[in-house]
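Everything below belongs to upload04.cif, which stores mmCIF, C-alpha atoms.
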data_entry
loop_
_atom_site.label_atom_id
_atom_site.label_comp_id
_atom_site.auth_asym_id
_atom_site.auth_seq_id
_atom_site.Cartn_x
_atom_site.Cartn_y
_atom_site.Cartn_z
CA MET A 929 -64.61 -77.61 76.06
CA GLU A 930 -66.79 -80.09 74.22
CA ASN A 931 -68.67 -77.29 72.47
CA GLN A 932 -65.38 -75.67 71.47
CA SER A 933 -64.22 -78.93 69.95
CA LYS A 934 -67.44 -79.15 68.01
CA ALA A 935 -67.07 -75.56 66.87
CA ARG A 936 -63.52 -76.22 65.68
CA ALA A 937 -64.62 -79.35 63.85
CA THR A 938 -64.97 -78.94 60.15
CA THR A 939 -68.42 -80.12 59.18
CA LEU A 940 -69.60 -80.73 55.66
CA HIS A 941 -73.29 -80.13 55.01
CA THR A 942 -74.51 -81.56 51.74
CA HIS A 943 -77.82 -81.49 49.97
CA GLU A 944 -80.05 -84.46 50.23
CA VAL A 945 -78.09 -87.64 49.60
CA GLU A 946 -80.41 -90.57 49.17
CA GLN A 947 -79.69 -94.11 48.19
CA LYS A 948 -82.09 -94.27 45.29
CA LYS A 949 -83.01 -97.44 43.55
CA PRO A 950 -81.57 -97.82 40.08
CA VAL A 951 -83.82 -96.33 37.42
CA ALA A 952 -82.95 -99.12 34.98
CA LYS A 953 -86.04 -101.22 35.73
CA LYS A 954 -88.42 -98.28 35.35
CA THR A 955 -86.77 -97.23 32.11
CA ILE A 956 -86.82 -100.76 30.70
CA PHE A 957 -90.48 -101.14 31.65
CA LEU A 958 -91.36 -97.83 29.98
CA ILE A 959 -89.48 -98.71 26.79
CA SER A 960 -91.11 -102.15 26.73
CA ALA A 961 -94.58 -100.66 27.14
CA ILE A 962 -93.96 -98.18 24.30
CA ILE A 963 -92.70 -100.92 21.97
CA VAL A 964 -95.64 -103.20 22.80
CA VAL A 965 -98.23 -100.45 22.29
CA LEU A 966 -96.66 -99.35 18.99
CA GLY A 967 -96.35 -102.95 17.85
CA ILE A 968 -99.95 -103.86 18.61
CA GLY A 969 -101.17 -100.67 16.97
CA ALA A 970 -99.06 -101.34 13.89
CA SER A 971 -100.26 -104.94 13.66
CA PHE A 972 -103.93 -103.92 13.67
CA TYR A 973 -103.29 -101.04 11.27
CA PHE A 974 -101.44 -103.14 8.68
CA ALA A 975 -103.78 -106.09 9.15
CA ASP A 976 -106.75 -103.82 8.41
CA LYS A 977 -105.03 -102.39 5.33
CA ILE A 978 -104.14 -105.87 4.07
CA GLU A 979 -107.68 -107.13 4.68
CA LYS A 980 -109.20 -104.24 2.73
CA PHE A 981 -106.70 -104.82 -0.07
CA PHE A 982 -107.80 -108.44 -0.42
CA TRP A 983 -111.45 -107.41 -0.20
CA GLU A 984 -110.98 -105.04 -3.11
CA ALA A 985 -108.88 -107.54 -5.07
CA ARG A 986 -111.49 -110.26 -4.68
CA THR A 987 -114.49 -108.07 -5.43
CA SER A 988 -113.00 -105.94 -8.19
CA SER A 989 -114.25 -108.29 -10.90
CA VAL A 990 -117.84 -108.46 -9.62
CA ALA A 991 -119.07 -105.52 -11.70
CA ASP A 992 -117.51 -106.84 -14.92
CA VAL A 993 -118.78 -110.40 -14.40
CA THR A 994 -122.25 -109.13 -13.48
CA HIS A 995 -122.36 -106.97 -16.60
CA GLU A 996 -121.34 -109.84 -18.88
CA LEU A 997 -123.77 -112.31 -17.30
CA THR A 998 -126.60 -109.79 -17.43
CA LEU A 999 -126.08 -109.32 -21.16
CA HIS A 1000 -125.79 -113.04 -21.80
CA TYR A 1001 -128.54 -114.55 -19.63
CA LEU A 1002 -131.17 -111.96 -18.79
CA GLU A 1003 -133.78 -110.30 -20.95
CA LYS A 1004 -135.38 -106.92 -20.50
CA GLY A 1005 -138.14 -107.14 -17.88
CA ASP A 1006 -136.94 -110.39 -16.25
CA LEU A 1007 -136.34 -108.72 -12.89
CA GLU A 1008 -139.74 -107.02 -12.87
CA ASN A 1009 -141.47 -110.20 -14.07
CA TRP A 1010 -139.63 -112.53 -11.73
CA ARG A 1011 -142.82 -114.59 -11.15
CA ASN A 1012 -142.78 -115.65 -14.79
CA ALA A 1013 -141.40 -119.20 -15.12
CA ASP A 1014 -139.11 -118.39 -18.05
CA ALA A 1015 -137.78 -115.26 -16.32
CA ASN A 1016 -137.21 -117.24 -13.13
CA ALA A 1017 -135.33 -119.94 -15.05
CA ARG A 1018 -133.05 -117.31 -16.55
CA LEU A 1019 -132.43 -115.84 -13.09
CA VAL A 1020 -131.52 -119.30 -11.79
CA GLU A 1021 -129.05 -119.79 -14.63
CA PHE A 1022 -127.67 -116.30 -14.08
CA ALA A 1023 -127.06 -117.03 -10.37
CA LYS A 1024 -125.50 -120.41 -11.17
CA GLU A 1025 -123.00 -118.86 -13.58
CA ALA A 1026 -122.30 -116.00 -11.15
CA LYS A 1027 -121.31 -118.50 -8.45
CA GLU A 1028 -119.07 -120.29 -10.91
CA TYR A 1029 -117.28 -117.20 -12.19
CA ILE A 1030 -117.08 -115.35 -8.88
CA PRO A 1031 -115.10 -117.50 -6.40
CA ASN A 1032 -116.09 -117.84 -2.74
CA THR A 1033 -119.69 -116.77 -3.38
CA ALA A 1034 -121.77 -118.10 -0.49
CA ALA A 1035 -125.18 -116.68 -1.45
CA ILE A 1036 -126.84 -114.29 -3.89
CA LYS A 1037 -129.74 -111.86 -3.88
CA ILE A 1038 -131.05 -110.25 -7.07
CA TYR A 1039 -133.20 -107.11 -6.84
CA SER A 1040 -135.17 -105.21 -9.45
CA ASP A 1041 -134.45 -101.54 -9.97
CA SER A 1042 -137.33 -100.69 -7.62
CA GLY A 1043 -135.78 -102.78 -4.82
CA VAL A 1044 -138.02 -105.87 -5.09
CA LEU A 1045 -136.22 -109.14 -4.36
CA ALA A 1046 -136.54 -111.15 -7.59
CA TRP A 1047 -134.40 -114.19 -6.68
CA THR A 1048 -132.27 -115.52 -3.83
CA ASP A 1049 -130.92 -118.80 -2.55
CA LEU A 1050 -131.24 -117.65 1.06
CA LYS A 1051 -134.16 -118.88 3.16
CA SER A 1052 -134.35 -115.79 5.37
CA ARG A 1053 -135.91 -113.74 2.53
CA GLU A 1054 -138.64 -114.70 0.08
CA PRO A 1055 -138.82 -113.33 -3.48
CA GLY A 1056 -141.15 -110.36 -3.53
CA TYR A 1057 -139.62 -108.75 -0.46
CA GLN A 1058 -139.45 -104.97 -0.88
CA LYS A 1059 -136.14 -103.60 0.33
CA PRO A 1060 -136.79 -100.27 2.08
CA GLU A 1061 -135.22 -97.15 0.66
CA SER A 1062 -134.90 -95.78 4.19
CA ASP A 1063 -131.70 -97.73 4.94
CA GLY A 1064 -129.94 -95.85 2.13
CA GLU A 1065 -128.25 -98.91 0.66
CA LEU A 1066 -130.04 -98.82 -2.70
CA ALA A 1067 -129.38 -95.10 -3.04
CA GLN A 1068 -125.69 -95.66 -2.39
CA VAL A 1069 -125.49 -98.45 -4.98
CA ARG A 1070 -127.33 -96.30 -7.53
CA ALA A 1071 -124.89 -93.46 -6.93
CA ASN A 1072 -121.67 -95.49 -6.85
CA ARG A 1073 -122.77 -98.57 -8.88
CA SER A 1074 -121.22 -100.74 -6.15
CA MET A 1075 -120.89 -101.08 -2.38
CA ILE A 1076 -118.93 -103.28 0.06
CA MET A 1077 -119.96 -103.86 3.67
CA PRO A 1078 -119.91 -106.60 6.35
CA ALA A 1079 -122.81 -109.04 6.14
CA GLY A 1080 -125.63 -108.96 8.68
CA GLN A 1081 -125.74 -111.39 11.58
CA ALA A 1082 -128.92 -113.11 10.33
CA THR A 1083 -127.20 -114.09 7.08
CA LYS A 1084 -124.10 -115.24 8.97
CA ASP A 1085 -126.25 -117.44 11.18
CA GLU A 1086 -128.12 -118.94 8.22
CA LEU A 1087 -124.96 -119.75 6.27
CA GLY A 1088 -123.02 -120.74 9.38
CA LYS A 1089 -120.15 -118.42 8.50
CA GLU A 1090 -118.88 -115.53 10.59
CA SER A 1091 -116.54 -114.13 7.94
CA LEU A 1092 -118.96 -112.84 5.33
CA LEU A 1093 -118.62 -109.82 3.08
CA GLU A 1094 -121.64 -108.22 1.42
CA VAL A 1095 -120.94 -106.84 -2.07
CA TRP A 1096 -123.49 -104.91 -4.12
CA SER A 1097 -123.22 -104.23 -7.83
CA SER A 1098 -125.49 -102.58 -10.36
CA MET A 1099 -126.92 -104.76 -13.16
CA GLU A 1100 -126.99 -102.86 -16.44
CA THR A 1101 -127.77 -103.34 -20.11
CA PRO A 1102 -126.76 -101.04 -23.02
CA ASP A 1103 -130.31 -100.21 -24.02
CA ALA A 1104 -132.10 -100.05 -20.65
CA GLY A 1105 -129.27 -98.90 -18.37
CA ALA A 1106 -129.56 -100.06 -14.75
CA ILE A 1107 -132.21 -102.79 -14.51
CA GLY A 1108 -131.49 -104.01 -11.00
CA PHE A 1109 -128.92 -104.92 -8.38
CA ILE A 1110 -127.08 -108.03 -7.31
CA GLU A 1111 -126.05 -108.63 -3.72
CA ILE A 1112 -123.31 -111.24 -3.33
CA TYR A 1113 -122.19 -112.71 -0.01
CA PHE A 1114 -118.50 -113.57 -0.08
CA ASP A 1115 -116.98 -116.15 2.24
CA THR A 1116 -113.85 -114.36 3.51
CA THR A 1117 -112.73 -117.07 5.92
CA ASP A 1118 -109.48 -117.59 4.03
CA ILE A 1119 -108.77 -113.84 4.07
CA GLN A 1120 -109.45 -113.66 7.80
CA SER A 1121 -107.15 -116.64 8.40
CA PHE A 1122 -104.41 -115.02 6.34
CA VAL A 1123 -104.80 -111.69 8.15
CA THR A 1124 -104.72 -113.48 11.51
CA LYS A 1125 -101.48 -115.18 10.53
CA ILE A 1126 -100.05 -111.79 9.58
CA LYS A 1127 -101.05 -110.41 12.99
CA TYR A 1128 -99.39 -113.33 14.76
CA THR A 1129 -96.30 -112.92 12.61
CA ILE A 1130 -96.08 -109.22 13.45
CA TRP A 1131 -96.54 -110.00 17.16
CA ALA A 1132 -93.83 -112.67 16.99
CA VAL A 1133 -91.46 -110.17 15.35
CA ILE A 1134 -92.33 -107.59 17.99
CA ILE A 1135 -91.69 -110.04 20.82
CA THR A 1136 -88.37 -111.04 19.28
CA MET A 1137 -87.30 -107.43 18.78
CA LEU A 1138 -88.51 -106.53 22.25
CA SER A 1139 -86.51 -109.37 23.77
CA ILE A 1140 -83.36 -108.28 21.94
CA VAL A 1141 -83.86 -104.63 22.91
CA LEU A 1142 -84.53 -105.52 26.54
CA VAL A 1143 -81.41 -107.68 26.72
CA LEU A 1144 -79.27 -104.91 25.24
CA ILE A 1145 -80.81 -102.24 27.48
CA ASN A 1146 -80.47 -104.46 30.51
CA LEU A 1147 -76.79 -105.03 29.77
CA ALA A 1148 -76.24 -101.31 29.25
CA PHE A 1149 -77.96 -100.38 32.50
CA ARG A 1150 -76.21 -103.18 34.35
CA GLU A 1151 -72.86 -101.69 33.39
CA GLN A 1152 -74.13 -98.27 34.43
CA ASP A 1153 -75.38 -99.58 37.77
CA ILE A 1154 -72.06 -101.29 38.39
CA LYS A 1155 -70.23 -98.00 37.80
CA ILE A 1156 -72.67 -96.11 40.04
CA ILE A 1157 -72.24 -98.66 42.82
CA GLU A 1158 -68.45 -98.55 42.45
CA GLN A 1159 -68.46 -94.75 42.60
CA SER A 1160 -70.82 -94.81 45.57
CA GLU A 1161 -68.61 -97.30 47.43
CA TYR A 1162 -65.55 -95.23 46.59
CA LEU A 1163 -67.22 -92.06 47.89
CA ASN A 1164 -68.47 -93.86 50.99
CA GLY A 1165 -64.95 -95.13 51.60
CA ILE A 1166 -63.55 -91.58 51.42
CA ILE A 1167 -66.24 -90.27 53.77
CA SER A 1168 -65.81 -93.17 56.17
CA GLN A 1169 -62.02 -92.85 56.37
CA SER A 1170 -61.90 -89.05 56.34
CA PRO A 1171 -60.36 -87.38 59.42
CA ILE A 1172 -62.87 -84.58 58.93
CA GLY A 1173 -66.22 -84.90 60.63
CA ILE A 1174 -68.93 -85.33 57.99
CA TYR A 1175 -72.63 -85.86 58.28
CA THR A 1176 -75.38 -85.65 55.69
CA ILE A 1177 -78.80 -84.10 56.10
CA ASN A 1178 -81.89 -84.04 53.93
CA SER A 1179 -83.68 -80.94 52.66
CA ASN A 1180 -85.73 -80.73 55.86
CA GLY A 1181 -82.63 -80.60 58.05
CA PHE A 1182 -82.85 -84.14 59.42
CA ILE A 1183 -79.61 -86.07 59.86
CA GLU A 1184 -79.22 -89.09 57.62
CA SER A 1185 -75.66 -90.28 58.21
CA TYR A 1186 -72.57 -89.75 60.40
CA ASN A 1187 -69.02 -90.75 59.54
CA PRO A 1188 -66.75 -92.19 62.29
CA SER A 1189 -64.80 -88.91 62.66
CA MET A 1190 -68.00 -86.98 63.26
CA MET A 1191 -69.12 -89.56 65.77
CA LYS A 1192 -65.80 -89.17 67.58
CA ILE A 1193 -66.03 -85.38 67.56
CA SER A 1194 -69.64 -85.50 68.78
CA GLY A 1195 -68.80 -88.03 71.44
CA ILE A 1196 -71.40 -90.58 70.36
CA THR A 1197 -70.87 -94.30 70.04
CA ASP A 1198 -73.93 -95.14 68.02
CA ALA A 1199 -74.94 -93.09 64.97
CA SER A 1200 -78.57 -94.12 65.49
CA GLU A 1201 -78.62 -91.77 68.47
CA THR A 1202 -78.66 -88.77 66.15
CA ILE A 1203 -79.79 -90.09 62.77
CA GLY A 1204 -83.31 -88.89 62.13
CA LYS A 1205 -83.02 -85.88 64.44
CA ASN A 1206 -83.10 -82.30 63.25
CA VAL A 1207 -79.57 -80.92 62.93
CA PHE A 1208 -80.64 -77.52 64.23
CA ASP A 1209 -81.65 -79.10 67.51
CA ALA A 1210 -78.04 -80.24 68.10
CA VAL A 1211 -76.19 -78.62 71.02
CA ALA A 1212 -73.40 -77.42 68.71
CA TYR A 1213 -75.87 -75.21 66.88
#

Would you write the structure of this file as structure tokens?
Amino acid sequence: MENQSKARATTLHTHEVEQKKPVAKKTIFLISAIIVVLGIGASFYFADKIEKFFWEARTSSVADVTHELTLHYLEKGDLENWRNADANARLVEFAKEAKEYIPNTAAIKIYSDSGVLAWTDLKSREPGYQKPESDGELAQVRANRSMIMPAGQATKDELGKESLLEVWSSMETPDAGAIGFIEIYFDTTDIQSFVTKIKYTIWAVIITMLSIVLVLINLAFREQDIKIIEQSEYLNGIISQSPIGIYTINSNGFIESYNPSMMKISGITDASETIGKNVFDAVAY
């Protein structure tokens, strides 16, 4: 008789019905991560572009100033005859004027066309030092008439400055052409400080935008979660109060829930007696 009652009972088998956690937190975290990554990438990209722009703006006049000072202060052969007292005096005056007309100049090296150091105010190199052609720097300056690169660590340590830019320019005269090279070390501390401020500003904007976006997304998902919960409670109420026996199973056939009508039909007083068991092991089947 009991089996007949079970057979007559209308049972509703559904697909897996799980109480999943709201996806709002995962979605918000993913969106936040994307915004942060894009923001940091953008800050470094624009900061690098801005830094290079200021480098070029500050060093663009080096070639013109060098050309004018070469014509005004140096004579033909001064760089090759740097040991000569008069030639050395002219080199000293040339360097003095170069520092005055080229702002933020921290140190200077002057080379002859053959790569011999004719004059410098750095202590790490003595006049007469032969710059090797193997490093390719002289060849690049000869080809392009100028070159910009970060300064070496030894020079940074000597001058006590970490933000140093090394700028090369060809020294030329109308009659002799290229007679040598000048290597100027620029103090770019102010540029670095400005770029750092830009980075911090971009990060502050990103954090502000991220906060606004997260608040808006959180509010949107909160409303969605409220509706989902309301619909779930409404559906649970229907199932709970239904005169039809209803139970839910997962995709493996294991029972997950029983409504009161199904419990009454099955003759059980505690749903935990059957929840977790395989539905196909039930007597009714």

Item to check | Interatomic distance (Å, one decimal) between atom CA of Gly1088 of chain A and atom CA of Lys1037 of chain A | outcome: 17.3 Å

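With only C-alpha atoms as the atoms that count, the residue of A:Tyr973, A:Ile1172, A:Val1044, A:Glu1090 with the shortest distance to Gln1120 of chain A is A:Glu1090.
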
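Ranking A:Lys1084, A:Arg1073, A:Arg1018, A:Arg1011 by their shortest atom-to-atom distance to Met1099 of chain A, with all atoms listed in the file included, puts A:Arg1073 first.
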
Checklist entry - Can you tell me, as a VMD selection string, which residues sit within 6 Å of (-126.6, -114.9, -17.2) in the file's frame, using all atoms listed in the file? => result chain A and resid 997 to 998 1000 to 1002 1022

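If you measure from each of A:Ser1194, A:Ser1097, A:Ala1106, A:Asp1063 to Ser1042 of chain A using all atoms listed in the file, the closest one turns out to be A:Ala1106.
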
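For the atom pair formed by atom CA of Val964 of chain A and atom CA of Val1141 of chain A, the distance is 11.9 Å, given to one decimal.
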
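Using only C-alpha atoms, the nearest neighbour of Ile1076 of chain A within the list A:Phe1114, A:Ile1130, A:Lys1205, A:Ile1038 is A:Phe1114.
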
Item to check | Picked residues, the PyMOL selection byres ((chain A and resi 1050-1056) around 12), as a ChimeraX atom specification | outcome: /A:1007-1011,1016,1019,1034-1040,1042-1049,1057-1059,1080-1087,1111-1113

For the selection you just gave me, I'd like the residues written to a file as a PDB file, keeping the file's coordinate frame, keeping C-alpha atoms.
ATOM      1  CA  LEU A1007    -136.340-108.720 -12.890  1.00  0.00           C
ATOM      2  CA  GLU A1008    -139.740-107.020 -12.870  1.00  0.00           C
ATOM      3  CA  ASN A1009    -141.470-110.200 -14.070  1.00  0.00           C
ATOM      4  CA  TRP A1010    -139.630-112.530 -11.730  1.00  0.00           C
ATOM      5  CA  ARG A1011    -142.820-114.590 -11.150  1.00  0.00           C
ATOM      6  CA  ASN A1016    -137.210-117.240 -13.130  1.00  0.00           C
ATOM      7  CA  LEU A1019    -132.430-115.840 -13.090  1.00  0.00           C
ATOM      8  CA  ALA A1034    -121.770-118.100  -0.490  1.00  0.00           C
ATOM      9  CA  ALA A1035    -125.180-116.680  -1.450  1.00  0.00           C
ATOM     10  CA  ILE A1036    -126.840-114.290  -3.890  1.00  0.00           C
ATOM     11  CA  LYS A1037    -129.740-111.860  -3.880  1.00  0.00           C
ATOM     12  CA  ILE A1038    -131.050-110.250  -7.070  1.00  0.00           C
ATOM     13  CA  TYR A1039    -133.200-107.110  -6.840  1.00  0.00           C
ATOM     14  CA  SER A1040    -135.170-105.210  -9.450  1.00  0.00           C
ATOM     15  CA  SER A1042    -137.330-100.690  -7.620  1.00  0.00           C
ATOM     16  CA  GLY A1043    -135.780-102.780  -4.820  1.00  0.00           C
ATOM     17  CA  VAL A1044    -138.020-105.870  -5.090  1.00  0.00           C
ATOM     18  CA  LEU A1045    -136.220-109.140  -4.360  1.00  0.00           C
ATOM     19  CA  ALA A1046    -136.540-111.150  -7.590  1.00  0.00           C
ATOM     20  CA  TRP A1047    -134.400-114.190  -6.680  1.00  0.00           C
ATOM     21  CA  THR A1048    -132.270-115.520  -3.830  1.00  0.00           C
ATOM     22  CA  ASP A1049    -130.920-118.800  -2.550  1.00  0.00           C
ATOM     23  CA  TYR A1057    -139.620-108.750  -0.460  1.00  0.00           C
ATOM     24  CA  GLN A1058    -139.450-104.970  -0.880  1.00  0.00           C
ATOM     25  CA  LYS A1059    -136.140-103.600   0.330  1.00  0.00           C
ATOM     26  CA  GLY A1080    -125.630-108.960   8.680  1.00  0.00           C
ATOM     27  CA  GLN A1081    -125.740-111.390  11.580  1.00  0.00           C
ATOM     28  CA  ALA A1082    -128.920-113.110  10.330  1.00  0.00           C
ATOM     29  CA  THR A1083    -127.200-114.090   7.080  1.00  0.00           C
ATOM     30  CA  LYS A1084    -124.100-115.240   8.970  1.00  0.00           C
ATOM     31  CA  ASP A1085    -126.250-117.440  11.180  1.00  0.00           C
ATOM     32  CA  GLU A1086    -128.120-118.940   8.220  1.00  0.00           C
ATOM     33  CA  LEU A1087    -124.960-119.750   6.270  1.00  0.00           C
ATOM     34  CA  GLU A1111    -126.050-108.630  -3.720  1.00  0.00           C
ATOM     35  CA  ILE A1112    -123.310-111.240  -3.330  1.00  0.00           C
ATOM     36  CA  TYR A1113    -122.190-112.710  -0.010  1.00  0.00           C
TER      37      TYR A1113
END

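The interatomic distance for the pair atom CA of Ser971 of chain A and atom CA of Asp1115 of chain A works out to 23.1 Å.
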
Please report, as CSV, each residue of segment 1115-1206 of chain A lying at most 12 Å from segment 974-977 of chain A, together with the nearest pair of atoms and the separation in Å rounded to one decimal; use all atoms listed in the file, and order rows by chain and ascending residue number.
residue,atom,partner,partner_atom,distance
A:Ile1119,CA,A:Ala975,CA,10.5
A:Gln1120,CA,A:Ala975,CA,9.6
A:Ser1121,CA,A:Ala975,CA,11.1
A:Phe1122,CA,A:Ala975,CA,9.4
A:Val1123,CA,A:Ala975,CA,5.8
A:Thr1124,CA,A:Ala975,CA,7.8
A:Lys1125,CA,A:Ala975,CA,9.5
A:Ile1126,CA,A:Ala975,CA,6.8
A:Lys1127,CA,A:Ala975,CA,6.4
A:Tyr1128,CA,A:Ala975,CA,10.2
A:Thr1129,CA,A:Ala975,CA,10.7
A:Ile1130,CA,A:Ala975,CA,9.4
A:Trp1131,CA,A:Ala975,CA,11.5

Please evaluate the PyMOL selection byres ((chain A and resi 1203) around 8) against the displayed coordinates and give the resulting residues as a PDB file with C-alpha atoms, in the coordinates of the input.
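Saved the output as result34.pdb:
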ATOM      1  CA  PHE A1182     -82.850 -84.140  59.420  1.00  0.00           C
ATOM      2  CA  ILE A1183     -79.610 -86.070  59.860  1.00  0.00           C
ATOM      3  CA  GLU A1184     -79.220 -89.090  57.620  1.00  0.00           C
ATOM      4  CA  SER A1185     -75.660 -90.280  58.210  1.00  0.00           C
ATOM      5  CA  TYR A1186     -72.570 -89.750  60.400  1.00  0.00           C
ATOM      6  CA  ALA A1199     -74.940 -93.090  64.970  1.00  0.00           C
ATOM      7  CA  SER A1200     -78.570 -94.120  65.490  1.00  0.00           C
ATOM      8  CA  GLU A1201     -78.620 -91.770  68.470  1.00  0.00           C
ATOM      9  CA  THR A1202     -78.660 -88.770  66.150  1.00  0.00           C
ATOM     10  CA  GLY A1204     -83.310 -88.890  62.130  1.00  0.00           C
ATOM     11  CA  LYS A1205     -83.020 -85.880  64.440  1.00  0.00           C
TER      12      LYS A1205
END

Next on the checklist: Can you pull out the residues contacting Asn1032 of chain A? Cut-off 12 Å, using all atoms listed in the file, and skip same-chain residues under 5 positions away; I want them as a ChimeraX atom specification.
Outcome noted: /A:983,986-987,990,1026-1027,1089,1091-1094,1112-1119
